[in-house]
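**Student:** This is model.txt (compact mmCIF, C-alpha atoms).
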# COMPACT_ATOMS: atom_id res chain seq x y z
CA MET A 18 2.24 44.23 21.34
CA ALA A 19 2.09 42.42 18.01
CA LYS A 20 -1.13 40.83 16.82
CA PHE A 21 -1.18 37.77 14.58
CA ASN A 22 -4.31 36.91 12.57
CA PHE A 23 -5.12 34.76 9.58
CA ASN A 24 -7.08 36.30 6.70
CA LEU A 25 -8.43 34.84 3.47
CA ARG A 26 -7.27 36.67 0.38
CA GLN A 27 -10.77 36.36 -1.13
CA LYS A 28 -13.68 35.74 1.22
CA ASN A 29 -16.46 35.68 -1.37
CA THR A 30 -15.33 32.98 -3.74
CA ALA A 31 -16.38 29.38 -4.30
CA LYS A 32 -12.82 28.41 -5.19
CA GLU A 33 -9.84 27.91 -2.89
CA THR A 34 -8.18 31.12 -1.79
CA PRO A 35 -4.76 31.64 -0.12
CA ILE A 36 -4.53 32.12 3.63
CA VAL A 37 -2.37 35.07 4.69
CA LEU A 38 -0.93 35.68 8.16
CA ILE A 39 -1.48 39.36 9.01
CA ILE A 40 1.00 40.74 11.57
CA ARG A 41 0.26 44.17 13.07
CA TYR A 42 2.56 46.12 15.38
CA ASN A 43 3.57 49.76 15.86
CA GLY A 44 1.26 50.81 13.03
CA ASP A 45 2.98 48.39 10.60
CA VAL A 46 1.16 45.61 8.76
CA ILE A 47 2.95 42.59 7.35
CA LYS A 48 1.17 40.13 5.07
CA TYR A 49 2.99 36.83 5.36
CA PRO A 50 1.97 34.11 2.83
CA THR A 51 1.35 30.79 4.57
CA GLY A 52 1.42 28.72 1.39
CA LYS A 53 -1.96 27.28 2.41
CA ALA A 54 -5.30 27.67 0.65
CA ILE A 55 -8.86 26.78 1.53
CA GLN A 56 -12.41 27.18 0.25
CA PRO A 57 -14.13 29.93 2.31
CA LYS A 58 -17.04 27.59 3.12
CA PHE A 59 -14.60 25.48 5.17
CA TRP A 60 -13.16 28.49 7.04
CA ASN A 61 -14.21 29.54 10.53
CA SER A 62 -13.41 33.26 10.62
CA SER A 63 -14.01 33.66 14.35
CA GLU A 64 -11.73 30.73 15.24
CA GLN A 65 -9.37 31.56 12.35
CA LEU A 66 -9.06 27.86 11.59
CA ALA A 67 -10.63 25.32 9.24
CA ARG A 68 -14.04 23.98 10.21
CA LEU A 69 -14.04 20.42 11.54
CA VAL A 70 -16.61 19.11 9.08
CA LYS A 71 -17.08 15.84 7.22
CA ASP A 72 -16.46 17.42 3.80
CA PHE A 73 -13.01 18.60 4.91
CA PRO A 74 -11.53 15.53 6.67
CA GLU A 75 -8.00 16.98 6.68
CA ALA A 76 -9.06 19.91 8.87
CA LYS A 77 -7.19 18.74 11.98
CA VAL A 78 -3.85 18.36 10.17
CA PHE A 79 -4.52 21.58 8.26
CA ASN A 80 -5.15 23.49 11.52
CA GLU A 81 -2.04 22.08 13.17
CA ASN A 82 0.01 23.42 10.25
CA LEU A 83 -1.54 26.87 10.63
CA LYS A 84 -0.91 26.86 14.38
CA TYR A 85 2.70 25.88 13.73
CA ILE A 86 3.17 28.76 11.29
CA LYS A 87 1.60 31.25 13.70
CA ALA A 88 3.66 30.00 16.67
CA SER A 89 6.84 30.24 14.57
CA ALA A 90 5.98 33.83 13.62
CA GLU A 91 5.29 34.81 17.24
CA LYS A 92 8.56 33.19 18.35
CA ALA A 93 10.50 34.98 15.61
CA PHE A 94 9.03 38.34 16.64
CA LEU A 95 9.86 37.91 20.36
CA GLN A 96 13.41 36.74 19.59
CA LEU A 97 14.08 39.73 17.35
CA GLU A 98 12.68 42.17 19.91
CA VAL A 99 15.14 40.83 22.51
CA GLU A 100 18.10 40.72 20.12
CA LEU A 101 17.52 44.13 18.53
CA GLY A 102 16.16 45.98 21.54
CA ARG A 103 13.40 47.32 19.31
CA ALA A 104 10.56 46.14 17.12
CA PRO A 105 11.91 44.40 13.99
CA PHE A 106 11.57 45.89 10.52
CA SER A 107 9.30 44.09 8.04
CA LYS A 108 12.18 42.49 6.12
CA GLU A 109 13.89 41.37 9.32
CA LEU A 110 10.77 39.69 10.65
CA THR A 111 9.89 38.00 7.35
CA THR A 112 13.41 36.62 6.99
CA ARG A 113 13.41 35.32 10.58
CA ILE A 114 10.01 33.65 10.18
CA ASN A 115 11.25 31.90 7.05
CA THR A 116 14.33 30.76 8.94
CA GLU A 117 12.25 29.61 11.90
CA LEU A 118 10.00 27.49 9.70
CA LYS A 119 12.97 25.81 8.05
CA ARG A 120 15.24 25.43 11.10
CA ASP A 121 14.37 21.80 11.77
CA LEU A 122 15.76 20.84 8.36
CA ASN A 123 19.29 21.41 9.60
CA PRO A 124 19.67 21.73 13.38
CA SER A 125 23.44 22.23 13.08
CA ILE A 126 23.04 25.51 11.17
CA THR A 127 25.31 28.29 12.48
CA PRO A 128 24.07 31.78 13.46
CA GLU A 129 25.89 33.23 10.43
CA GLU A 130 24.27 30.74 8.07
CA GLU A 131 20.91 31.32 9.74
CA LYS A 132 20.89 34.95 8.60
CA ARG A 133 21.62 33.95 4.99
CA PRO A 134 18.54 33.27 2.83
CA PRO A 135 18.54 29.73 1.44
CA SER A 136 19.92 29.09 -2.03
CA PHE A 137 17.76 27.82 -4.89
CA ILE A 138 18.72 24.19 -4.20
CA GLU A 139 18.47 24.56 -0.41
CA LEU A 140 14.96 25.96 -0.66
CA PHE A 141 13.98 23.18 -3.08
CA LYS A 142 14.98 20.70 -0.37
CA ALA A 143 12.86 22.65 2.13
CA PHE A 144 9.98 22.56 -0.38
CA ILE A 145 10.21 18.76 -0.45
CA HIS A 146 10.39 18.60 3.35
CA ASP A 147 7.30 20.80 3.73
CA SER A 148 5.44 18.64 1.20
CA GLU A 149 6.43 15.40 2.93
CA SER A 150 5.80 16.57 6.51
CA GLY A 151 2.36 18.04 5.80
CA LEU A 152 3.40 21.66 6.34
CA ARG A 153 2.55 22.13 2.65
CA LEU A 154 -0.70 20.50 1.50
CA THR A 155 -2.43 19.85 -1.79
CA ALA A 156 -5.06 22.25 -3.14
CA SER A 157 -7.72 20.11 -1.43
CA GLY A 158 -5.93 20.28 1.92
CA LYS A 159 -4.48 16.76 1.83
CA LYS A 160 -0.93 15.49 2.35
CA PHE A 161 1.08 14.77 -0.79
CA ASP A 162 1.34 11.08 -1.66
CA LYS A 163 4.58 9.13 -1.98
CA ARG A 164 4.57 9.35 -5.76
CA SER A 165 4.52 13.15 -5.65
CA ILE A 166 7.39 13.23 -3.14
CA GLN A 167 9.33 10.77 -5.28
CA LYS A 168 8.77 13.00 -8.32
CA TYR A 169 9.98 16.07 -6.41
CA ASN A 170 13.11 14.22 -5.29
CA THR A 171 13.84 13.08 -8.85
CA VAL A 172 13.66 16.65 -10.16
CA TYR A 173 15.74 17.86 -7.18
CA GLU A 174 18.56 15.40 -7.99
CA ASN A 175 18.37 16.34 -11.66
CA LEU A 176 18.60 20.07 -10.85
CA LYS A 177 21.58 19.49 -8.57
CA ASP A 178 23.35 17.77 -11.45
CA PHE A 179 22.30 20.52 -13.89
CA GLY A 180 23.53 23.14 -11.41
CA LYS A 181 27.11 21.91 -11.83
CA LYS A 182 27.14 23.58 -15.27
CA TYR A 183 24.51 26.30 -14.80
CA HIS A 184 24.51 28.80 -11.94
CA LEU A 185 21.12 28.21 -10.35
CA THR A 186 19.64 31.21 -8.57
CA PHE A 187 16.13 32.61 -8.50
CA GLU A 188 17.31 35.47 -10.72
CA SER A 189 18.81 33.09 -13.31
CA ILE A 190 15.50 31.33 -14.06
CA ASP A 191 15.01 32.96 -17.44
CA LYS A 192 14.64 32.01 -21.10
CA ASN A 193 18.27 30.91 -21.19
CA PHE A 194 17.72 28.54 -18.24
CA TYR A 195 14.56 27.11 -19.80
CA SER A 196 16.24 26.45 -23.17
CA LYS A 197 19.34 24.87 -21.67
CA TYR A 198 17.45 22.79 -19.11
CA VAL A 199 15.00 21.42 -21.68
CA ALA A 200 17.96 20.68 -23.99
CA SER A 201 19.66 18.73 -21.17
CA LEU A 202 16.53 16.60 -20.72
CA ASN A 203 16.24 16.08 -24.47
CA LYS A 204 19.81 14.77 -24.52
CA LYS A 205 18.64 12.05 -22.16
CA ASN A 206 16.01 11.14 -24.76
CA PHE A 207 13.09 12.17 -22.53
CA THR A 208 9.63 12.19 -24.07
CA LEU A 209 7.89 15.56 -24.45
CA ASN A 210 5.47 14.73 -21.64
CA ASN A 211 8.29 13.69 -19.31
CA VAL A 212 10.05 17.00 -19.95
CA GLY A 213 6.74 18.73 -19.23
CA LYS A 214 6.47 16.97 -15.86
CA TYR A 215 9.92 18.22 -14.82
CA ILE A 216 9.06 21.78 -15.85
CA GLN A 217 5.74 21.62 -14.01
CA VAL A 218 7.49 20.59 -10.78
CA ILE A 219 9.86 23.55 -11.14
CA LYS A 220 6.90 25.90 -11.73
CA THR A 221 5.22 24.52 -8.59
CA PHE A 222 8.40 25.04 -6.57
CA LEU A 223 8.84 28.61 -7.86
CA THR A 224 5.25 29.39 -6.87
CA TYR A 225 6.08 28.11 -3.38
CA ALA A 226 9.28 30.23 -3.31
CA THR A 227 7.36 33.32 -4.44
CA GLU A 228 4.55 32.90 -1.92
CA ASN A 229 7.07 32.49 0.88
CA GLY A 230 8.98 35.66 -0.03
CA TYR A 231 12.14 34.13 -1.49
CA ASN A 232 11.55 34.82 -5.18
CA THR A 233 10.52 37.94 -7.08
CA ASN A 234 11.41 36.72 -10.57
CA LEU A 235 8.10 35.84 -12.27
CA PHE A 236 9.44 34.65 -15.64
CA PHE A 237 8.27 31.13 -14.76
CA GLN A 238 4.68 32.38 -15.11
CA SER A 239 5.18 33.48 -18.73
CA LYS A 240 4.05 31.52 -21.79
CA GLN A 241 7.71 30.95 -22.67
CA PHE A 242 8.11 28.74 -19.58
CA LYS A 243 5.72 26.11 -20.84
CA ALA A 244 5.19 22.65 -19.39
CA HIS A 245 4.18 20.77 -22.55
CA LYS A 246 1.64 17.98 -22.37
CA VAL A 247 0.36 16.05 -25.36
CA PRO A 248 -1.63 12.82 -25.57
CA GLY A 249 1.02 10.12 -25.25
CA PHE A 250 1.11 7.08 -27.48
CA SER A 251 -0.66 4.08 -26.00
CA ILE A 252 -2.71 1.11 -27.09
CA TYR A 253 -5.87 -0.61 -25.95
CA LEU A 254 -6.95 -4.22 -26.31
CA THR A 255 -10.18 -5.12 -28.06
CA LYS A 256 -12.73 -7.40 -26.41
CA GLU A 257 -11.55 -10.22 -28.68
CA GLU A 258 -7.89 -9.68 -27.68
CA ILE A 259 -8.75 -9.63 -23.96
CA THR A 260 -10.70 -12.86 -24.43
CA ALA A 261 -7.71 -14.44 -26.22
CA ILE A 262 -5.46 -13.51 -23.30
CA TYR A 263 -8.03 -14.84 -20.84
CA LYS A 264 -8.38 -18.19 -22.63
CA LYS A 265 -4.64 -18.71 -23.13
CA ASP A 266 -3.46 -21.70 -21.08
CA PHE A 267 -0.78 -20.67 -18.55
CA SER A 268 -1.42 -23.54 -16.12
CA GLN A 269 2.22 -24.63 -16.46
CA SER A 270 3.38 -21.22 -15.21
CA SER A 271 1.34 -20.38 -12.12
CA HIS A 272 2.95 -16.93 -11.70
CA LEU A 273 1.98 -15.96 -15.27
CA GLU A 274 -1.52 -17.32 -14.76
CA ARG A 275 -2.02 -15.18 -11.64
CA VAL A 276 -0.67 -12.04 -13.34
CA ARG A 277 -2.88 -12.71 -16.39
CA ASP A 278 -5.97 -13.08 -14.22
CA LEU A 279 -5.22 -9.89 -12.27
CA PHE A 280 -4.66 -8.01 -15.54
CA VAL A 281 -8.02 -9.20 -16.91
CA VAL A 282 -9.67 -7.92 -13.72
CA GLY A 283 -8.15 -4.54 -14.56
CA CYS A 284 -9.47 -4.79 -18.13
CA TRP A 285 -13.06 -5.23 -16.91
CA THR A 286 -13.08 -2.85 -13.94
CA GLY A 287 -11.21 0.11 -15.44
CA LEU A 288 -9.21 0.51 -12.24
CA ARG A 289 -5.61 1.67 -12.06
CA PHE A 290 -2.89 -0.76 -10.95
CA SER A 291 -2.85 0.81 -7.47
CA ASP A 292 -6.59 0.10 -7.16
CA PHE A 293 -7.16 -3.32 -8.76
CA THR A 294 -4.26 -4.70 -6.69
CA ALA A 295 -5.83 -3.32 -3.49
CA ILE A 296 -9.34 -4.82 -3.74
CA LYS A 297 -10.48 -6.11 -0.34
CA PRO A 298 -13.30 -8.57 0.52
CA GLU A 299 -15.44 -5.70 1.87
CA ASN A 300 -15.26 -3.97 -1.55
CA ILE A 301 -17.45 -6.70 -3.07
CA LYS A 302 -21.15 -5.84 -2.68
CA GLY A 303 -23.01 -8.68 -4.38
CA GLU A 304 -22.87 -8.00 -8.13
CA LEU A 305 -20.95 -4.74 -7.60
CA LEU A 306 -17.44 -3.66 -6.72
CA GLU A 307 -17.31 -0.55 -4.52
CA ILE A 308 -13.89 1.01 -3.98
CA LYS A 309 -12.32 4.35 -3.09
CA MET A 310 -9.71 5.18 -5.72
CA PHE A 311 -6.19 5.89 -4.50
CA LYS A 312 -5.82 8.83 -6.90
CA GLY A 313 -8.38 11.53 -6.18
CA LYS A 314 -9.90 9.48 -3.34
CA LYS A 315 -13.15 9.18 -5.30
CA LYS A 316 -15.55 6.34 -4.49
CA VAL A 317 -16.78 4.38 -7.53
CA MET A 318 -19.10 1.42 -8.07
CA ILE A 319 -18.45 -1.05 -10.88
CA PRO A 320 -20.57 -4.04 -11.95
CA LEU A 321 -18.69 -7.35 -11.96
CA HIS A 322 -18.04 -8.62 -15.50
CA TRP A 323 -18.51 -12.33 -16.10
CA MET A 324 -14.75 -12.82 -16.53
CA VAL A 325 -14.13 -11.15 -13.16
CA LYS A 326 -16.74 -13.41 -11.56
CA GLU A 327 -15.06 -16.51 -13.02
CA ILE A 328 -11.65 -15.38 -11.80
CA MET A 329 -13.00 -14.73 -8.30
CA ALA A 330 -14.66 -18.14 -8.22
CA LYS A 331 -11.35 -19.69 -9.27
CA TYR A 332 -9.45 -18.13 -6.35
CA SER A 333 -12.26 -18.33 -3.79
CA GLY A 334 -10.93 -19.78 -0.54
CA LYS A 335 -7.31 -19.41 -1.68
CA TYR A 336 -7.01 -15.68 -0.98
CA PRO A 337 -9.14 -13.40 1.27
CA ASN A 338 -10.37 -11.24 -1.63
CA SER A 339 -10.73 -14.17 -4.07
CA LEU A 340 -8.15 -12.53 -6.35
CA PRO A 341 -4.48 -13.29 -7.07
CA PRO A 342 -2.02 -11.51 -4.74
CA ALA A 343 -0.46 -8.27 -5.98
CA ILE A 344 3.15 -7.90 -7.06
CA SER A 345 5.10 -4.75 -7.95
CA ASN A 346 4.01 -2.74 -10.99
CA GLN A 347 7.42 -3.18 -12.62
CA LYS A 348 7.44 -6.95 -12.12
CA MET A 349 3.88 -7.26 -13.38
CA ASN A 350 4.80 -5.32 -16.53
CA ASP A 351 7.72 -7.68 -17.10
CA TYR A 352 5.43 -10.72 -16.82
CA LEU A 353 2.81 -9.09 -19.05
CA LYS A 354 5.34 -9.04 -21.89
CA ASP A 355 5.71 -12.84 -21.55
CA ILE A 356 1.93 -13.24 -21.40
CA ALA A 357 1.04 -10.95 -24.31
CA GLY A 358 3.93 -12.32 -26.38
CA ALA A 359 2.38 -15.79 -26.18
CA VAL A 360 -0.93 -14.63 -27.69
CA ASP A 361 -0.92 -14.92 -31.50
CA CYS A 362 -3.42 -12.15 -32.24
CA LEU A 363 -1.13 -9.62 -30.54
CA LYS A 364 1.78 -10.39 -32.87
CA VAL A 365 0.80 -7.61 -35.25
CA PRO A 366 2.84 -4.50 -36.17
CA VAL A 367 1.91 -1.15 -34.62
CA GLU A 368 3.35 2.25 -35.58
CA VAL A 369 4.59 4.10 -32.48
CA ASP A 370 4.63 7.89 -32.84
CA LEU A 371 6.45 9.79 -30.07
CA ILE A 372 8.15 13.14 -29.49
CA LYS A 373 11.38 12.05 -27.87
CA GLY A 374 14.55 14.03 -27.32
CA GLY A 375 12.81 17.01 -28.90
CA LEU A 376 12.26 15.12 -32.17
CA GLU A 377 9.26 13.27 -33.54
CA THR A 378 10.11 9.59 -33.93
CA LEU A 379 8.14 6.93 -35.76
CA THR A 380 9.01 3.32 -35.02
CA GLU A 381 7.29 -0.02 -35.48
CA LYS A 382 6.72 -2.59 -32.75
CA GLU A 383 4.48 -5.59 -32.28
CA LYS A 384 1.37 -4.92 -30.21
CA TRP A 385 2.28 -7.38 -27.45
CA GLU A 386 5.42 -5.33 -26.71
CA LEU A 387 3.29 -2.31 -25.77
CA VAL A 388 1.04 -4.00 -23.21
CA THR A 389 1.41 -2.65 -19.65
CA THR A 390 -0.73 -2.64 -16.51
CA HIS A 391 -2.23 0.70 -17.60
CA THR A 392 -3.38 -0.86 -20.87
CA ALA A 393 -6.12 -2.52 -18.80
CA ARG A 394 -7.72 0.80 -17.79
CA ARG A 395 -7.50 2.22 -21.32
CA SER A 396 -9.01 -0.97 -22.75
CA PHE A 397 -11.96 -0.82 -20.37
CA ALA A 398 -12.71 2.85 -21.13
CA THR A 399 -12.39 2.38 -24.90
CA ASN A 400 -14.38 -0.86 -25.17
CA VAL A 401 -17.27 0.37 -23.02
CA TYR A 402 -17.29 3.73 -24.84
CA LYS A 403 -17.36 1.99 -28.26
CA SER A 404 -20.27 -0.16 -27.11
CA GLY A 405 -22.41 3.00 -27.03
CA PHE A 406 -22.48 3.46 -23.25
CA PRO A 407 -22.88 7.19 -22.44
CA ALA A 408 -19.57 8.95 -21.77
CA VAL A 409 -20.97 10.87 -18.78
CA SER A 410 -22.13 7.64 -17.11
CA LEU A 411 -18.85 5.90 -17.93
CA MET A 412 -16.92 8.74 -16.27
CA LYS A 413 -18.76 7.92 -13.05
CA ILE A 414 -17.20 4.46 -13.20
CA THR A 415 -13.68 5.41 -14.30
CA GLY A 416 -13.60 8.28 -11.81
CA HIS A 417 -12.68 10.97 -14.36
CA ARG A 418 -13.80 14.44 -13.34
CA THR A 419 -13.59 16.13 -16.74
CA GLU A 420 -14.53 14.94 -20.20
CA LYS A 421 -11.19 16.23 -21.52
CA ALA A 422 -9.25 13.94 -19.17
CA PHE A 423 -11.59 11.05 -19.93
CA LEU A 424 -11.25 11.35 -23.71
CA LEU A 425 -7.46 11.00 -23.41
CA TYR A 426 -8.14 7.39 -22.42
CA ILE A 427 -10.28 6.62 -25.43
CA LYS A 428 -8.23 4.99 -28.17
CA VAL A 429 -10.46 4.91 -31.26
CA THR A 430 -8.82 4.90 -34.69
CA PRO A 431 -10.10 7.08 -37.58
CA GLU A 432 -11.26 3.88 -39.32
CA GLU A 433 -13.26 2.81 -36.23
CA ASN A 434 -14.83 6.26 -36.02
CA ALA A 435 -15.83 6.05 -39.69
CA ILE A 436 -17.35 2.57 -39.26
CA GLN A 437 -19.26 3.74 -36.17
CA LEU A 438 -20.66 6.71 -38.09
CA LEU A 439 -21.60 4.45 -41.01
CA GLU A 440 -23.48 2.10 -38.65
CA HIS A 441 -25.26 5.12 -37.15
CA TRP A 442 -26.35 6.30 -40.61
CA ASN A 443 -27.55 2.79 -41.53
CA LYS A 444 -29.72 2.71 -38.39
CA ILE A 445 -31.23 6.08 -39.28
CA ASN A 446 -31.99 4.92 -42.83
CA LEU A 447 -33.68 1.75 -41.55
CA GLN A 448 -35.88 3.85 -39.26
CA LEU A 449 -36.81 6.15 -42.16
CA ASP A 450 -37.71 3.19 -44.35
Let me see the structure of the file written as structure tokens.

**Tutor:**
Amino acid sequence: MAKFNFNLRQKNTAKETPIVLIIRYNGDVIKYPTGKAIQPKFWNSSEQLARLVKDFPEAKVFNENLKYIKASAEKAFLQLEVELGRAPFSKELTTRINTELKRDLNPSITPEEEKRPPSFIELFKAFIHDSESGLRLTASGKKFDKRSIQKYNTVYENLKDFGKKYHLTFESIDKNFYSKYVASLNKKNFTLNNVGKYIQVIKTFLTYATENGYNTNLFFQSKQFKAHKVPGFSIYLTKEEITAIYKKDFSQSSHLERVRDLFVVGCWTGLRFSDFTAIKPENIKGELLEIKMFKGKKKVMIPLHWMVKEIMAKYSGKYPNSLPPAISNQKMNDYLKDIAGAVDCLKVPVEVDLIKGGLETLTEKEKWELVTTHTARRSFATNVYKSGFPAVSLMKITGHRTEKAFLLYIKVTPEENAIQLLEHWNKINLQLD
């Protein structure tokens, strides 16, 4: 009689640790990777499931996934016992469990195809399915959001196209693959960070393939398989420039006026597009805005700037949240070009430095051309930081968890840094006098 139990790889750690399904029968022990991980403090060892506690709200979904994996393993074992007339070998059972977990992806699969391990591309599709269905969860035990699934699908389609010229197998993911794949992305004039995002998705998929027993080639873990990430070029708007946008008369174009007002709200709350377009009446608590961020699900509280108060008073009674209605990010960015292009102080040249297509490029554009919805968040972080507000306190408002990530948002020029230091020295000298 086979026994199926879940074990944590490391029981005495504060960090998340993988959950392994231990299968024991006839003196054999199989360690089957579930692809799931959990912090030991959330694990109930006697129940062999996640604790149903407030700090781990995804526990129910997480447990259902574990139960599904265990049931699939038990079913695979019983089927093989009947078919073979004996207890299955380790490889036979592992292969059947993998097949059982993926069977619902293609119900028309033939018995011959069922015995064949999935190809690189087939498993990538299964990886997306597991991520979308909740069988595979994030490191914090949550389902992947739509943007992540969309990113996975984009890389999947790109790899399918690349596979027409390059034989994609788990064994062929080597230095040659990396060089040729990066070169193919560079030909499309991708930025360095965009290339890095594609590589990171592939690394994530290969980790999934390895943990589930399909891949033994670990080249993707080497330093040569690097997902590059550098601070991308972006701008911020000064307080004076935001004020100029705010005071610009767009009364003859009501759609531009609404987009302008919503953008200014973003400039003085520091919220992302997905958040400042989702503010509800219950998020307003007197002089404060309290909202749970879409990314990271972190709750933040932000004081209402006078411009935000004026905008809310303007739309009070017209819309439930006293703010202009949201439109798509792409459409809002299109309208922002019309808005920023009408503001004289933004008609100044800016040098744009990017690594694109594998080459460093330096071009010149006018500042208004570079304004996007995300400029609002960067402007808030930079302006408040330059005002002398403590970075640690500001991070509590922007929702950044690390100072490194926060500082990527701060757009202070060398000249501004020098002036700030000079003002600091002048203050010290006045105190000494």

**Student:** Excluding same-chain residues fewer than 4 positions from Trp285 of chain A, what lies within 10 Å of it counting all atoms listed in the file, as JSON, numbers by chain?

**Tutor:** {"A": [256, 259, 280, 281, 319, 320, 321, 322, 323, 324, 325, 393, 394, 396, 397, 398, 400, 401]}

**Student:** Do a neighbour search on Pro57 of chain A at 8 Å with all atoms listed in the file, toss out local chain neighbours closer than 5 positions, and write the hits as a list in words.

**Tutor:**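 The filter keeps Leu25, Lys28, Asn29, Thr30, Ala31, Lys32, Glu33 and Thr34 of chain A.
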
**Student:** Can you list every residue of segment 312-397 of chain A that has an atom at most 8 Å from segment 264-278 of chain A, with its nearest atom pair and the distance in Å to one decimal, using only C-alpha atoms, ordered by chain then number, as CSV?

**Tutor:**
residue,atom,partner,partner_atom,distance
A:Ile328,CA,A:Asp278,CA,6.6
A:Pro341,CA,A:Arg275,CA,5.5
A:Pro342,CA,A:Arg275,CA,7.8
A:Met349,CA,A:Val276,CA,6.6
A:Tyr352,CA,A:Leu273,CA,6.5
A:Leu353,CA,A:Arg277,CA,7.2
A:Asp355,CA,A:Leu273,CA,7.9
A:Ile356,CA,A:Leu273,CA,6.7
A:Val360,CA,A:Lys265,CA,7.2

**Student:** Would you mind exporting C-alpha atoms of the selected residues as a PDB file, in the frame of the given file?

**Tutor:**
ATOM      1  CA  ILE A 328     -11.650 -15.380 -11.800  1.00  0.00           C
ATOM      2  CA  PRO A 341      -4.480 -13.290  -7.070  1.00  0.00           C
ATOM      3  CA  PRO A 342      -2.020 -11.510  -4.740  1.00  0.00           C
ATOM      4  CA  MET A 349       3.880  -7.260 -13.380  1.00  0.00           C
ATOM      5  CA  TYR A 352       5.430 -10.720 -16.820  1.00  0.00           C
ATOM      6  CA  LEU A 353       2.810  -9.090 -19.050  1.00  0.00           C
ATOM      7  CA  ASP A 355       5.710 -12.840 -21.550  1.00  0.00           C
ATOM      8  CA  ILE A 356       1.930 -13.240 -21.400  1.00  0.00           C
ATOM      9  CA  VAL A 360      -0.930 -14.630 -27.690  1.00  0.00           C
TER      10      VAL A 360
END

**Student:** Residues within 8 Å of Ile86 of chain A, please, as an mmCIF file with C-alpha atoms, in the frame of the given file. Count only C-alpha atoms; anything in the same chain fewer than 4 positions from it doesn't count.

**Tutor:**
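File written: result-v6.cif
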data_model
loop_
_atom_site.group_PDB
_atom_site.id
_atom_site.type_symbol
_atom_site.label_atom_id
_atom_site.label_comp_id
_atom_site.auth_asym_id
_atom_site.auth_seq_id
_atom_site.Cartn_x
_atom_site.Cartn_y
_atom_site.Cartn_z
ATOM 1 C CA THR A 51 1.350 30.790 4.570
ATOM 2 C CA ASN A 82 0.010 23.420 10.250
ATOM 3 C CA ALA A 90 5.980 33.830 13.620
ATOM 4 C CA LEU A 118 10.000 27.490 9.700
#

**Student:** Grab the atom CA of Glu368 of chain A to atom CA of Lys382 of chain A distance for me, in Å with one decimal place.

**Tutor:**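 Computing the Euclidean distance for atom CA of Glu368 of chain A and atom CA of Lys382 of chain A yields 6.5 Å.
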
**Student:** From the options A:Ile301, A:Val172, A:Leu387, A:Met329, which residue's atoms come nearest to Leu254 of chain A, counting only C-alpha atoms?

**Tutor:**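 Smallest distance to Leu254 of chain A is found for A:Leu387.
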
**Student:** Would you please work out which residue, of A:Leu411, A:Asp45, A:His146, A:Asn24, is nearest to Thr286 of chain A when using only C-alpha atoms?

**Tutor:**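 Distance minimum relative to Thr286 of chain A lands on A:Leu411.
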
**Student:** Mind checking which residues fall within 12 Å of segment 107-114 of chain A, counting only C-alpha atoms, ignoring those fewer than 6 positions away in the same chain, and posting them as a PyMOL selection string?

**Tutor:** chain A and resi 19+38-51+85-98+100-101+120+128+131-135+228-231

**Student:** How would the residues just chosen look if you wrote them out with C-alpha atoms as a compact mmCIF listing (two decimals), keeping the file's coordinate frame?

**Tutor:**
# COMPACT_ATOMS: atom_id res chain seq x y z
CA ALA A 19 2.09 42.42 18.01
CA LEU A 38 -0.93 35.68 8.16
CA ILE A 39 -1.48 39.36 9.01
CA ILE A 40 1.00 40.74 11.57
CA ARG A 41 0.26 44.17 13.07
CA TYR A 42 2.56 46.12 15.38
CA ASN A 43 3.57 49.76 15.86
CA GLY A 44 1.26 50.81 13.03
CA ASP A 45 2.98 48.39 10.60
CA VAL A 46 1.16 45.61 8.76
CA ILE A 47 2.95 42.59 7.35
CA LYS A 48 1.17 40.13 5.07
CA TYR A 49 2.99 36.83 5.36
CA PRO A 50 1.97 34.11 2.83
CA THR A 51 1.35 30.79 4.57
CA TYR A 85 2.70 25.88 13.73
CA ILE A 86 3.17 28.76 11.29
CA LYS A 87 1.60 31.25 13.70
CA ALA A 88 3.66 30.00 16.67
CA SER A 89 6.84 30.24 14.57
CA ALA A 90 5.98 33.83 13.62
CA GLU A 91 5.29 34.81 17.24
CA LYS A 92 8.56 33.19 18.35
CA ALA A 93 10.50 34.98 15.61
CA PHE A 94 9.03 38.34 16.64
CA LEU A 95 9.86 37.91 20.36
CA GLN A 96 13.41 36.74 19.59
CA LEU A 97 14.08 39.73 17.35
CA GLU A 98 12.68 42.17 19.91
CA GLU A 100 18.10 40.72 20.12
CA LEU A 101 17.52 44.13 18.53
CA ARG A 120 15.24 25.43 11.10
CA PRO A 128 24.07 31.78 13.46
CA GLU A 131 20.91 31.32 9.74
CA LYS A 132 20.89 34.95 8.60
CA ARG A 133 21.62 33.95 4.99
CA PRO A 134 18.54 33.27 2.83
CA PRO A 135 18.54 29.73 1.44
CA GLU A 228 4.55 32.90 -1.92
CA ASN A 229 7.07 32.49 0.88
CA GLY A 230 8.98 35.66 -0.03
CA TYR A 231 12.14 34.13 -1.49

**Student:** Using all atoms listed in the file for the distances, tell me which of A:Phe207, A:Arg164, A:Phe23, A:Thr233 is nearest to Thr186 of chain A.

**Tutor:**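 So, comparing all the options, the nearest one is A:Thr233.
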
**Student:** So which residues touch Trp385 of chain A within 10 Å, counting all atoms listed in the file, skipping near sequence neighbours fewer than 6 positions away, as a list in words?

**Tutor:**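 Neighbouring residues, sequence-local ones excluded: Ile252, Leu254, Leu353, Lys354, Asp355, Ile356, Ala357, Gly358, Ala359, Val360, Asp361, Cys362, Leu363, Lys364, Val365, Pro366 and Val367 of chain A.
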
**Student:** Given only C-alpha atoms as the basis, pick out the residue of A:Ser189, A:Thr208, A:Thr255, A:Gln167 nearest to Lys403 of chain A.

**Tutor:**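 Nearest candidate to Lys403 of chain A out of A:Ser189, A:Thr208, A:Thr255, A:Gln167: A:Thr255.
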